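Visitor: The file below is final-v6.cif, mmCIF, C-alpha atoms (C1' of nucleotides):
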```
data_work
#
loop_
_atom_site.label_atom_id
_atom_site.label_comp_id
_atom_site.auth_asym_id
_atom_site.auth_seq_id
_atom_site.Cartn_x
_atom_site.Cartn_y
_atom_site.Cartn_z
CA MET C 1 -31.60 -0.79 -13.31
CA PRO C 2 -29.56 -3.29 -15.35
CA PRO C 3 -25.92 -3.69 -14.36
CA LYS C 4 -23.57 -1.55 -16.40
CA PHE C 5 -20.71 -4.04 -16.27
CA LYS C 6 -21.11 -7.57 -17.57
CA ARG C 7 -18.23 -8.84 -15.41
CA ARG C 8 -17.62 -8.52 -11.70
CA ASN C 9 -14.45 -6.77 -10.56
CA LEU C 10 -11.93 -9.62 -10.53
CA PRO C 11 -9.01 -7.78 -8.90
CA LEU C 12 -11.37 -6.68 -6.14
CA LEU C 13 -12.64 -10.22 -5.67
CA MET C 14 -9.08 -11.49 -5.43
CA LEU C 15 -8.28 -8.74 -2.95
CA ARG C 16 -11.24 -9.75 -0.79
CA ALA C 17 -10.23 -13.39 -0.77
CA ARG C 18 -6.63 -12.52 0.01
CA GLU C 19 -7.74 -10.26 2.85
CA ARG C 20 -9.62 -13.17 4.41
CA VAL C 21 -6.57 -15.38 4.23
CA LEU C 22 -4.30 -12.69 5.62
CA GLY C 23 -6.76 -12.09 8.42
CA HIS C 24 -5.80 -15.46 9.80
CA PHE C 25 -2.09 -14.67 9.84
CA ARG C 26 -2.20 -11.04 10.89
CA PRO C 27 -2.58 -11.58 14.64
CA LEU C 28 0.50 -13.79 14.68
CA LEU C 29 2.52 -11.35 12.59
CA ASN C 30 1.48 -8.33 14.65
CA GLY C 31 2.10 -10.23 17.84
CA ASN C 32 5.67 -10.83 16.74
CA GLY C 33 6.26 -7.28 15.61
CA VAL C 34 6.64 -7.97 11.90
CA THR C 35 4.64 -6.61 8.99
CA GLU C 36 3.32 -8.84 6.25
CA GLN C 37 6.07 -7.71 3.87
CA GLN C 38 8.78 -8.21 6.46
CA TRP C 39 7.55 -11.72 7.11
CA ARG C 40 7.66 -12.52 3.40
CA ILE C 41 11.32 -11.57 3.41
CA VAL C 42 12.15 -13.41 6.62
CA ARG C 43 10.48 -16.47 5.20
CA VAL C 44 12.37 -16.57 1.91
CA LEU C 45 15.66 -15.86 3.66
CA PHE C 46 14.94 -18.64 6.13
CA GLU C 47 14.63 -21.03 3.19
CA SER C 48 17.72 -19.85 1.32
CA GLU C 49 20.33 -17.43 2.52
CA PRO C 50 21.82 -15.07 1.54
CA LEU C 51 19.87 -13.25 -1.15
CA GLU C 52 20.33 -9.98 -2.99
CA PRO C 53 17.66 -7.24 -2.95
CA ARG C 54 16.81 -7.85 -6.59
CA GLU C 55 16.21 -11.54 -5.87
CA ILE C 56 14.18 -10.79 -2.76
CA GLY C 57 12.07 -8.31 -4.69
CA ASP C 58 11.35 -10.91 -7.32
CA LEU C 59 10.59 -13.69 -4.84
CA CYS C 60 8.46 -11.52 -2.54
CA ARG C 61 6.95 -9.22 -5.14
CA LEU C 62 8.34 -6.07 -3.61
CA SER C 63 9.37 -3.23 -5.87
CA SER C 64 12.86 -1.87 -5.58
CA PRO C 65 11.78 1.39 -3.92
CA SER C 66 9.62 -0.45 -1.39
CA LEU C 67 12.40 -2.89 -0.71
CA THR C 68 14.88 -0.14 0.09
CA GLY C 69 12.71 1.08 2.93
CA VAL C 70 11.62 -2.31 4.19
CA LEU C 71 15.17 -3.65 4.35
CA ALA C 72 16.39 -0.49 6.07
CA ARG C 73 13.73 -0.89 8.76
CA MET C 74 14.45 -4.60 9.10
CA GLU C 75 18.11 -3.86 9.60
CA GLU C 76 17.13 -1.17 12.10
CA ILE C 77 15.24 -3.65 14.28
CA ASP C 78 17.93 -6.29 13.79
CA LEU C 79 16.07 -8.79 11.64
CA VAL C 80 18.55 -8.83 8.76
CA SER C 81 22.04 -7.65 7.96
CA CYS C 82 23.08 -6.14 4.64
CA LYS C 83 26.63 -5.98 3.32
CA ARG C 84 27.88 -4.70 0.01
CA LEU C 85 29.69 -7.19 -2.22
CA LYS C 86 33.41 -6.60 -2.61
CA HIS C 87 33.73 -7.78 -6.19
CA ASP C 88 30.64 -5.81 -7.36
CA LYS C 89 30.00 -2.66 -5.43
CA ARG C 90 26.58 -2.17 -6.96
CA ARG C 91 25.21 -5.26 -5.30
CA VAL C 92 24.21 -6.05 -1.73
CA GLU C 93 23.92 -9.30 0.15
CA VAL C 94 21.10 -9.71 2.66
CA SER C 95 21.12 -12.32 5.44
CA LEU C 96 19.00 -13.02 8.45
CA SER C 97 20.45 -11.83 11.73
CA PRO C 98 20.55 -14.37 14.58
CA ARG C 99 17.47 -12.64 15.96
CA GLY C 100 15.74 -12.87 12.57
CA ARG C 101 16.59 -16.53 12.30
CA ALA C 102 15.31 -17.21 15.79
CA LEU C 103 12.10 -15.38 14.97
CA ALA C 104 11.60 -17.46 11.85
CA ALA C 105 12.24 -20.70 13.70
CA ARG C 106 9.86 -19.71 16.44
CA MET C 107 7.08 -18.59 14.08
CA ALA C 108 7.33 -21.39 11.54
CA PRO C 109 5.29 -23.96 13.48
CA ARG C 110 2.61 -21.38 14.30
CA ILE C 111 2.38 -20.55 10.63
CA GLU C 112 1.94 -24.20 9.78
CA GLU C 113 -0.83 -24.47 12.35
CA ILE C 114 -2.68 -21.65 10.63
CA TYR C 115 -2.35 -23.39 7.28
CA THR C 116 -3.74 -26.53 8.85
CA SER C 117 -6.76 -24.64 10.12
CA LEU C 118 -7.24 -23.01 6.71
CA GLU C 119 -7.13 -26.42 5.07
CA ARG C 120 -9.73 -27.66 7.50
CA LEU C 121 -11.99 -24.71 6.71
CA LEU C 122 -11.59 -24.93 2.95
CA GLY C 123 -10.96 -28.61 2.42
CA GLU C 124 -7.71 -30.18 1.28
CA ASN C 125 -8.94 -30.83 -2.20
CA PHE C 126 -10.12 -27.26 -2.55
CA CYS C 127 -6.73 -25.97 -1.44
CA ARG C 128 -4.85 -28.20 -3.84
CA GLN C 129 -6.98 -26.98 -6.72
CA LEU C 130 -6.64 -23.39 -5.55
CA TYR C 131 -2.85 -23.48 -5.60
CA GLY C 132 -3.00 -25.11 -9.00
CA ALA C 133 -5.36 -22.51 -10.38
CA LEU C 134 -3.26 -19.63 -9.10
CA ASP C 135 -0.10 -21.13 -10.56
CA GLU C 136 -1.88 -21.59 -13.86
CA MET C 137 -3.09 -17.99 -13.87
CA ILE C 138 0.37 -16.68 -13.20
CA VAL C 139 1.83 -18.64 -16.08
CA LYS C 140 -0.93 -17.90 -18.56
CA LEU C 141 -1.12 -14.19 -17.84
CA GLU C 142 2.62 -13.79 -17.77
CA ALA C 143 3.33 -13.78 -21.47
CA VAL C 144 1.40 -10.59 -22.11
CA GLU C 145 3.52 -8.59 -19.70
CA ASN C 146 6.70 -9.42 -21.58
CA SER C 147 5.20 -9.01 -25.03
CA ASP C 148 6.05 -5.30 -25.23
CA ASP C 149 9.78 -5.76 -24.93
CA GLY C 150 10.87 -4.79 -28.42
CA MET H 1 18.54 -28.62 2.28
CA PRO H 2 14.95 -29.68 3.02
CA PRO H 3 12.33 -26.93 2.91
CA LYS H 4 11.56 -25.44 6.28
CA PHE H 5 7.93 -24.74 5.50
CA LYS H 6 5.55 -27.49 4.47
CA ARG H 7 3.21 -25.01 2.76
CA ARG H 8 3.90 -22.39 0.15
CA ASN H 9 3.09 -18.77 1.01
CA LEU H 10 -0.57 -18.53 0.00
CA PRO H 11 -1.03 -14.76 0.46
CA LEU H 12 2.05 -14.23 -1.69
CA LEU H 13 0.72 -16.60 -4.35
CA MET H 14 -2.58 -14.74 -4.39
CA LEU H 15 -0.73 -11.45 -4.62
CA ARG H 16 1.23 -12.70 -7.62
CA ALA H 17 -1.89 -13.86 -9.42
CA ARG H 18 -3.67 -10.61 -8.66
CA GLU H 19 -0.70 -8.63 -9.93
CA ARG H 20 -0.89 -10.46 -13.24
CA VAL H 21 -4.57 -9.66 -13.59
CA LEU H 22 -4.05 -6.03 -12.64
CA GLY H 23 -1.22 -5.80 -15.13
CA HIS H 24 -3.80 -6.08 -17.88
CA PHE H 25 -5.90 -3.22 -16.56
CA ARG H 26 -3.16 -0.88 -15.39
CA PRO H 27 -2.32 0.71 -18.76
CA LEU H 28 -5.97 1.64 -19.28
CA LEU H 29 -6.30 3.04 -15.76
CA ASN H 30 -3.06 5.01 -15.96
CA GLY H 31 -3.98 6.25 -19.41
CA ASN H 32 -7.17 7.69 -18.00
CA GLY H 33 -5.50 9.23 -14.97
CA VAL H 34 -7.16 7.08 -12.31
CA THR H 35 -5.55 4.82 -9.74
CA GLU H 36 -6.75 1.30 -9.13
CA GLN H 37 -8.55 2.36 -5.94
CA GLN H 38 -10.15 5.35 -7.61
CA TRP H 39 -11.45 3.14 -10.38
CA ARG H 40 -12.97 0.73 -7.86
CA ILE H 41 -14.93 3.63 -6.43
CA VAL H 42 -15.95 5.06 -9.81
CA ARG H 43 -17.13 1.61 -10.79
CA VAL H 44 -19.35 0.97 -7.80
CA LEU H 45 -20.79 4.48 -7.97
CA PHE H 46 -21.52 4.00 -11.67
CA GLU H 47 -23.58 0.96 -10.74
CA SER H 48 -25.44 2.54 -7.84
CA GLU H 49 -25.41 6.15 -6.79
CA PRO H 50 -25.13 7.76 -4.34
CA LEU H 51 -23.23 5.88 -1.66
CA GLU H 52 -21.84 6.81 1.73
CA PRO H 53 -18.13 6.45 2.57
CA ARG H 54 -18.81 3.56 4.90
CA GLU H 55 -20.66 1.69 2.13
CA ILE H 56 -17.96 2.47 -0.41
CA GLY H 57 -15.30 1.24 1.98
CA ASP H 58 -17.15 -2.00 2.44
CA LEU H 59 -17.83 -2.53 -1.26
CA CYS H 60 -14.33 -1.55 -2.40
CA ARG H 61 -12.37 -2.86 0.57
CA LEU H 62 -10.91 0.50 1.46
CA SER H 63 -10.32 1.36 5.10
CA SER H 64 -11.82 4.49 6.49
CA PRO H 65 -8.49 6.34 6.71
CA SER H 66 -7.56 5.41 3.15
CA LEU H 67 -10.97 6.41 1.94
CA THR H 68 -10.73 9.87 3.45
CA GLY H 69 -7.68 10.64 1.34
CA VAL H 70 -8.85 8.91 -1.82
CA LEU H 71 -12.21 10.67 -1.82
CA ALA H 72 -10.57 14.02 -1.13
CA ARG H 73 -8.28 13.56 -4.12
CA MET H 74 -11.15 12.37 -6.29
CA GLU H 75 -13.15 15.45 -5.38
CA GLU H 76 -10.06 17.55 -6.11
CA ILE H 77 -9.82 16.27 -9.68
CA ASP H 78 -13.61 16.45 -10.10
CA LEU H 79 -14.45 12.75 -10.25
CA VAL H 80 -16.94 12.76 -7.39
CA SER H 81 -18.85 15.22 -5.24
CA CYS H 82 -19.40 14.82 -1.51
CA LYS H 83 -22.12 16.50 0.48
CA ARG H 84 -22.97 16.13 4.14
CA LEU H 85 -26.47 14.84 4.97
CA LYS H 86 -28.82 17.38 6.53
CA HIS H 87 -30.68 14.99 8.81
CA ASP H 88 -27.50 13.28 10.05
CA LYS H 89 -24.49 15.51 10.09
CA ARG H 90 -22.10 12.64 10.75
CA ARG H 91 -22.77 11.13 7.38
CA VAL H 92 -21.69 12.06 3.86
CA GLU H 93 -23.18 11.29 0.48
CA VAL H 94 -20.83 10.61 -2.42
CA SER H 95 -21.89 10.87 -6.05
CA LEU H 96 -20.11 10.78 -9.37
CA SER H 97 -19.55 14.17 -10.95
CA PRO H 98 -20.58 14.56 -14.60
CA ARG H 99 -16.93 14.15 -15.47
CA GLY H 100 -16.68 11.01 -13.35
CA ARG H 101 -19.78 9.57 -14.95
CA ALA H 102 -18.46 10.33 -18.42
CA LEU H 103 -15.17 8.67 -17.54
CA ALA H 104 -16.95 5.55 -16.34
CA ALA H 105 -19.09 5.39 -19.45
CA ARG H 106 -16.07 5.83 -21.67
CA MET H 107 -13.95 3.25 -19.86
CA ALA H 108 -16.60 0.58 -19.34
CA PRO H 109 -16.37 -0.97 -22.81
CA ARG H 110 -12.57 -1.00 -22.67
CA ILE H 111 -12.75 -2.77 -19.35
CA GLU H 112 -15.07 -5.37 -20.83
CA GLU H 113 -12.65 -5.90 -23.69
CA ILE H 114 -9.90 -6.66 -21.21
CA TYR H 115 -12.11 -9.19 -19.44
CA THR H 116 -12.81 -10.80 -22.79
CA SER H 117 -9.10 -11.15 -23.48
CA LEU H 118 -8.53 -12.55 -19.98
CA GLU H 119 -11.27 -15.10 -20.55
CA ARG H 120 -9.64 -16.07 -23.81
CA LEU H 121 -6.29 -16.54 -22.09
CA LEU H 122 -7.63 -18.49 -19.13
CA GLY H 123 -10.64 -20.20 -20.62
CA GLU H 124 -14.25 -19.48 -19.80
CA ASN H 125 -14.67 -22.56 -17.69
CA PHE H 126 -11.56 -21.74 -15.70
CA CYS H 127 -12.84 -18.23 -15.04
CA ARG H 128 -16.23 -19.44 -13.91
CA GLN H 129 -14.63 -21.85 -11.47
CA LEU H 130 -12.21 -19.16 -10.32
CA TYR H 131 -14.97 -16.73 -9.40
CA GLY H 132 -16.78 -19.53 -7.63
CA ALA H 133 -13.72 -20.57 -5.67
CA LEU H 134 -12.97 -17.01 -4.58
CA ASP H 135 -16.58 -16.51 -3.48
CA GLU H 136 -16.43 -19.74 -1.55
CA MET H 137 -13.20 -18.74 0.16
CA ILE H 138 -14.62 -15.41 1.20
CA VAL H 139 -17.65 -17.05 2.76
CA LYS H 140 -15.81 -19.89 4.46
CA LEU H 141 -13.05 -17.75 5.90
CA GLU H 142 -15.44 -15.03 6.97
CA ALA H 143 -16.87 -16.66 10.06
CA VAL H 144 -13.57 -16.75 11.87
CA GLU H 145 -13.12 -13.01 11.64
CA ASN H 146 -16.41 -12.40 13.44
CA SER H 147 -15.95 -15.15 16.00
CA ASP H 148 -14.10 -12.92 18.45
CA ASP H 149 -16.94 -10.48 18.95
CA GLY H 150 -17.82 -11.19 22.53
"C1'" DT Y 1 -33.82 14.97 29.56
"C1'" DA Y 2 -29.25 14.17 31.01
"C1'" DA Y 3 -25.88 10.62 30.86
"C1'" DA Y 4 -23.94 6.72 28.79
"C1'" DT Y 5 -23.22 4.54 24.45
"C1'" DC Y 6 -22.62 4.07 19.79
"C1'" DT Y 7 -21.60 5.63 14.83
"C1'" DC Y 8 -19.41 8.08 11.72
"C1'" DA Y 9 -15.96 10.48 9.36
"C1'" DC Y 10 -11.72 12.14 10.30
"C1'" DT Y 11 -6.71 12.86 12.18
"C1'" DA Y 12 -2.06 11.19 13.30
"C1'" DA Y 13 1.93 8.38 12.65
"C1'" DT Y 14 4.24 5.00 10.41
"C1'" DA Y 15 4.87 1.47 6.62
"C1'" DT Y 16 4.29 0.28 1.54
"C1'" DA Y 17 3.08 0.99 -3.37
"C1'" DT Y 18 3.76 3.28 -7.64
"C1'" DT Y 19 6.07 5.95 -11.10
"C1'" DA Y 20 9.92 8.38 -12.71
"C1'" DG Y 21 14.50 9.29 -12.48
"C1'" DT Y 22 19.63 9.23 -10.83
"C1'" DG Y 23 24.54 8.06 -9.89
"C1'" DA Y 24 27.85 4.61 -9.19
"C1'" DT Y 25 29.56 0.62 -11.13
"C1'" DC Y 26 30.13 -3.17 -14.29
"C1'" DG Y 27 30.58 -5.52 -18.84
"C1'" DT Y 28 31.16 -4.79 -23.64
"C1'" DT Y 29 32.62 -2.67 -27.77
"C1'" DC Y 30 35.59 -0.19 -30.51
"C1'" DG R 1 41.46 1.59 -22.36
"C1'" DA R 2 37.98 5.10 -23.21
"C1'" DA R 3 33.25 5.53 -24.79
"C1'" DC R 4 28.93 3.02 -24.53
"C1'" DG R 5 25.14 0.75 -22.82
"C1'" DA R 6 23.32 -2.07 -19.13
"C1'" DT R 7 22.60 -3.13 -14.20
"C1'" DC R 8 21.93 -2.15 -9.60
"C1'" DA R 9 20.51 0.04 -5.51
"C1'" DC R 10 18.78 4.17 -4.30
"C1'" DT R 11 16.15 8.89 -4.15
"C1'" DA R 12 12.03 11.76 -4.82
"C1'" DA R 13 7.18 12.60 -4.92
"C1'" DT R 14 2.73 11.18 -4.49
"C1'" DA R 15 -0.96 7.70 -3.29
"C1'" DT R 16 -2.57 3.89 -0.09
"C1'" DA R 17 -2.45 0.71 3.90
"C1'" DT R 18 -2.46 -0.11 8.73
"C1'" DT R 19 -3.19 0.83 13.52
"C1'" DA R 20 -4.71 3.68 17.12
"C1'" DG R 21 -7.30 7.32 18.57
"C1'" DT R 22 -10.58 11.53 18.50
"C1'" DG R 23 -14.65 14.57 18.54
"C1'" DA R 24 -19.04 15.75 16.70
"C1'" DG R 25 -23.32 14.03 16.43
"C1'" DA R 26 -27.06 10.44 16.83
"C1'" DT R 27 -29.28 6.80 19.74
"C1'" DT R 28 -30.27 4.42 23.74
"C1'" DT R 29 -30.77 4.10 28.62
"C1'" DA R 30 -31.73 5.45 33.07
#
```
Would you write out, as structure tokens, the structure that this file holds?

Guide:
Amino acid sequence: MPPKFKRRNLPLLMLRARERVLGHFRPLLNGNGVTEQQWRIVRVLFESEPLEPREIGDLCRLSSPSLTGVLARMEEIDLVSCKRLKHDKRRVEVSLSPRGRALAARMAPRIEEIYTSLERLLGENFCRQLYGALDEMIVKLEAVENSDDG
Amino acid sequence: MPPKFKRRNLPLLMLRARERVLGHFRPLLNGNGVTEQQWRIVRVLFESEPLEPREIGDLCRLSSPSLTGVLARMEEIDLVSCKRLKHDKRRVEVSLSPRGRALAARMAPRIEEIYTSLERLLGENFCRQLYGALDEMIVKLEAVENSDDG
DNA sequence: TAAATCTCACTAATATATTAGTGATCGTTC
DNA sequence: GAACGATCACTAATATATTAGTGAGATTTA
């Protein structure tokens, strides 16, 4: 029985690889009571605060509808605080709460440890090339998305 | 303000790259009324039929709970048929329906076209190395998952 | 062969993803 | 400055993801 597809399923292959990577972080995230998506947000806010939902969505690849729920839950468990801008009532400003900031500070070194172990498993050179390849993919496959603007 | 993390968010980077790839397939999938997950299943069944849920879950990286719903919906819209095995009533056998098989046959060449255009955008050599790198990651990061068996 | 164990699909509950659409608000144009 | 178009967060509806747990049914063990 010859294969009916010449190419392997690339999105599936990328999903598999990503699952493996996430598998190394998941215990830490679960142990600290944050989901993967919540951690993405905590992480970007820890680097630069405050941010607006639209910016967070772009940085963390979360759609606007997803973001609405995620931010609501994060505010619920006191990870972030959201306040509407006075000069533009459409917009919202999101910041880490003290608890969220403490969580980020506490988790950061553990996260780095995991990256160190990943680099040991994969090799530093491999990792460098991997990041480069992913960046290159994102740039080269980006144009097509925006080509149906007009 | 120095960065607080030495490493970039690798799962996020992989998600971004995967999103770009999927962006090229999504119009075709949506146009044919199948979700990404449903297409993964149709595709593996088109290559080798029949399969059991557990096998499909492993091949397509769908958890058992997700699979239950996805397969139910696929049976609902007549893409697959599920029948329980006589000699082992725990197990189920999933096959493509005639309609599912026709869909796969009709979509296959369009899928290949998209891969061709991706290869043109990224370069054949790049793609070959990409597949290799992802395979390597999956193997090298696999051991750790199974190391907490005992 | 009865009990303990294991496998399998499935349920339950909550969190996200995806697609389409909406209302309030802002900037621009006339 | 009122109509217009654009932006923004948000809602609604459906599909998946994740984690924990269950019960029927097969397999192993005692």

Visitor: Written as an MDAnalysis selection string, what is the full residue list that the PyMOL selection byres ((chain H) within 8 of (chain C)) yields on the file shown?

Guide: chainID H and resid 3:7 10:18 20:24 40 46:47 60:61 108 112 115 118 121:122 130:131 133:135 137:138 140:142 145

Visitor: To one decimal place, how far is CA of Gly31 (chain C) from C1' of DA15 (chain R) in Å?

Guide: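 Computing the Euclidean distance for CA of Gly31 (chain C) and C1' of DA15 (chain R) yields 27.9 Å.
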
Visitor: Using all atoms listed in the file and a distance of at most 12 Å, pull out the residues of chain C that contact chain Y, as a PyMOL selection string.

Guide: chain C and resi 34-38+61-74+85-91

Visitor: For Val94 (chain H), work out the shell of residues within 6 Å, counting only C-alpha atoms (C1' of nucleotides) and skipping chain neighbours fewer than 6 positions away, then give it as a CSV table (one decimal) with C-alpha atoms, in the coordinates of the input.

Guide:
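Contents of part-v6.csv, freshly written:
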```csv
chain,number,residue,atom,x,y,z
H,50,PRO,CA,-25.1,7.8,-4.3
H,51,LEU,CA,-23.2,5.9,-1.7
H,52,GLU,CA,-21.8,6.8,1.7
H,81,SER,CA,-18.8,15.2,-5.2
H,82,CYS,CA,-19.4,14.8,-1.5
```

Visitor: Quick one: apply the PyMOL selection byres ((chain R) within 8 of (chain C)) to the file and drop the selected residues here as number ranges by chain.

Guide: R: 8-10

Visitor: Go ahead and save the picked residues with C-alpha atoms (C1' of nucleotides), as a PDB file, in the coordinates of the input.

Guide:
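In the end it all went to part-v2.pdb:
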```pdb
ATOM      1  C1'  DC R   8      21.930  -2.150  -9.600  1.00  0.00           C
ATOM      2  C1'  DA R   9      20.510   0.040  -5.510  1.00  0.00           C
ATOM      3  C1'  DC R  10      18.780   4.170  -4.300  1.00  0.00           C
TER       4       DC R  10
END
```

Visitor: Take CA of Arg101 (chain C) and CA of Ile77 (chain C) and report the distance between them in Å, one decimal.

Guide: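 That distance, rounded to one decimal, is 13.1 Å.
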
Visitor: Go ahead and compute the interatomic distance for C1' of DA24 (chain R) and CA of Glu75 (chain H), in Å to one decimal.

Guide: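 Those two atoms sit 22.9 Å apart.
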
Visitor: For Val80 (chain C), work out the shell of residues within 6 Å, counting all atoms listed in the file and skipping chain neighbours fewer than 6 positions away, then give it as a list in words.

Guide: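 Near neighbours after the sequence-gap exclusion: Met74, Ser95, Leu96 and Ser97 of chain C.
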
Visitor: Give, as lines of an AutoDock Vina configuration file, the centre coordinates and the x, y and z edge lengths in Å to one decimal for an axis-aligned box around all listed atoms of region 1-16 of chain R, padded by 6 Å on each side.

Guide:
```
center_x = 19.4
center_y = 4.7
center_z = -12.4
size_x = 56.0
size_y = 27.7
size_z = 36.7
```
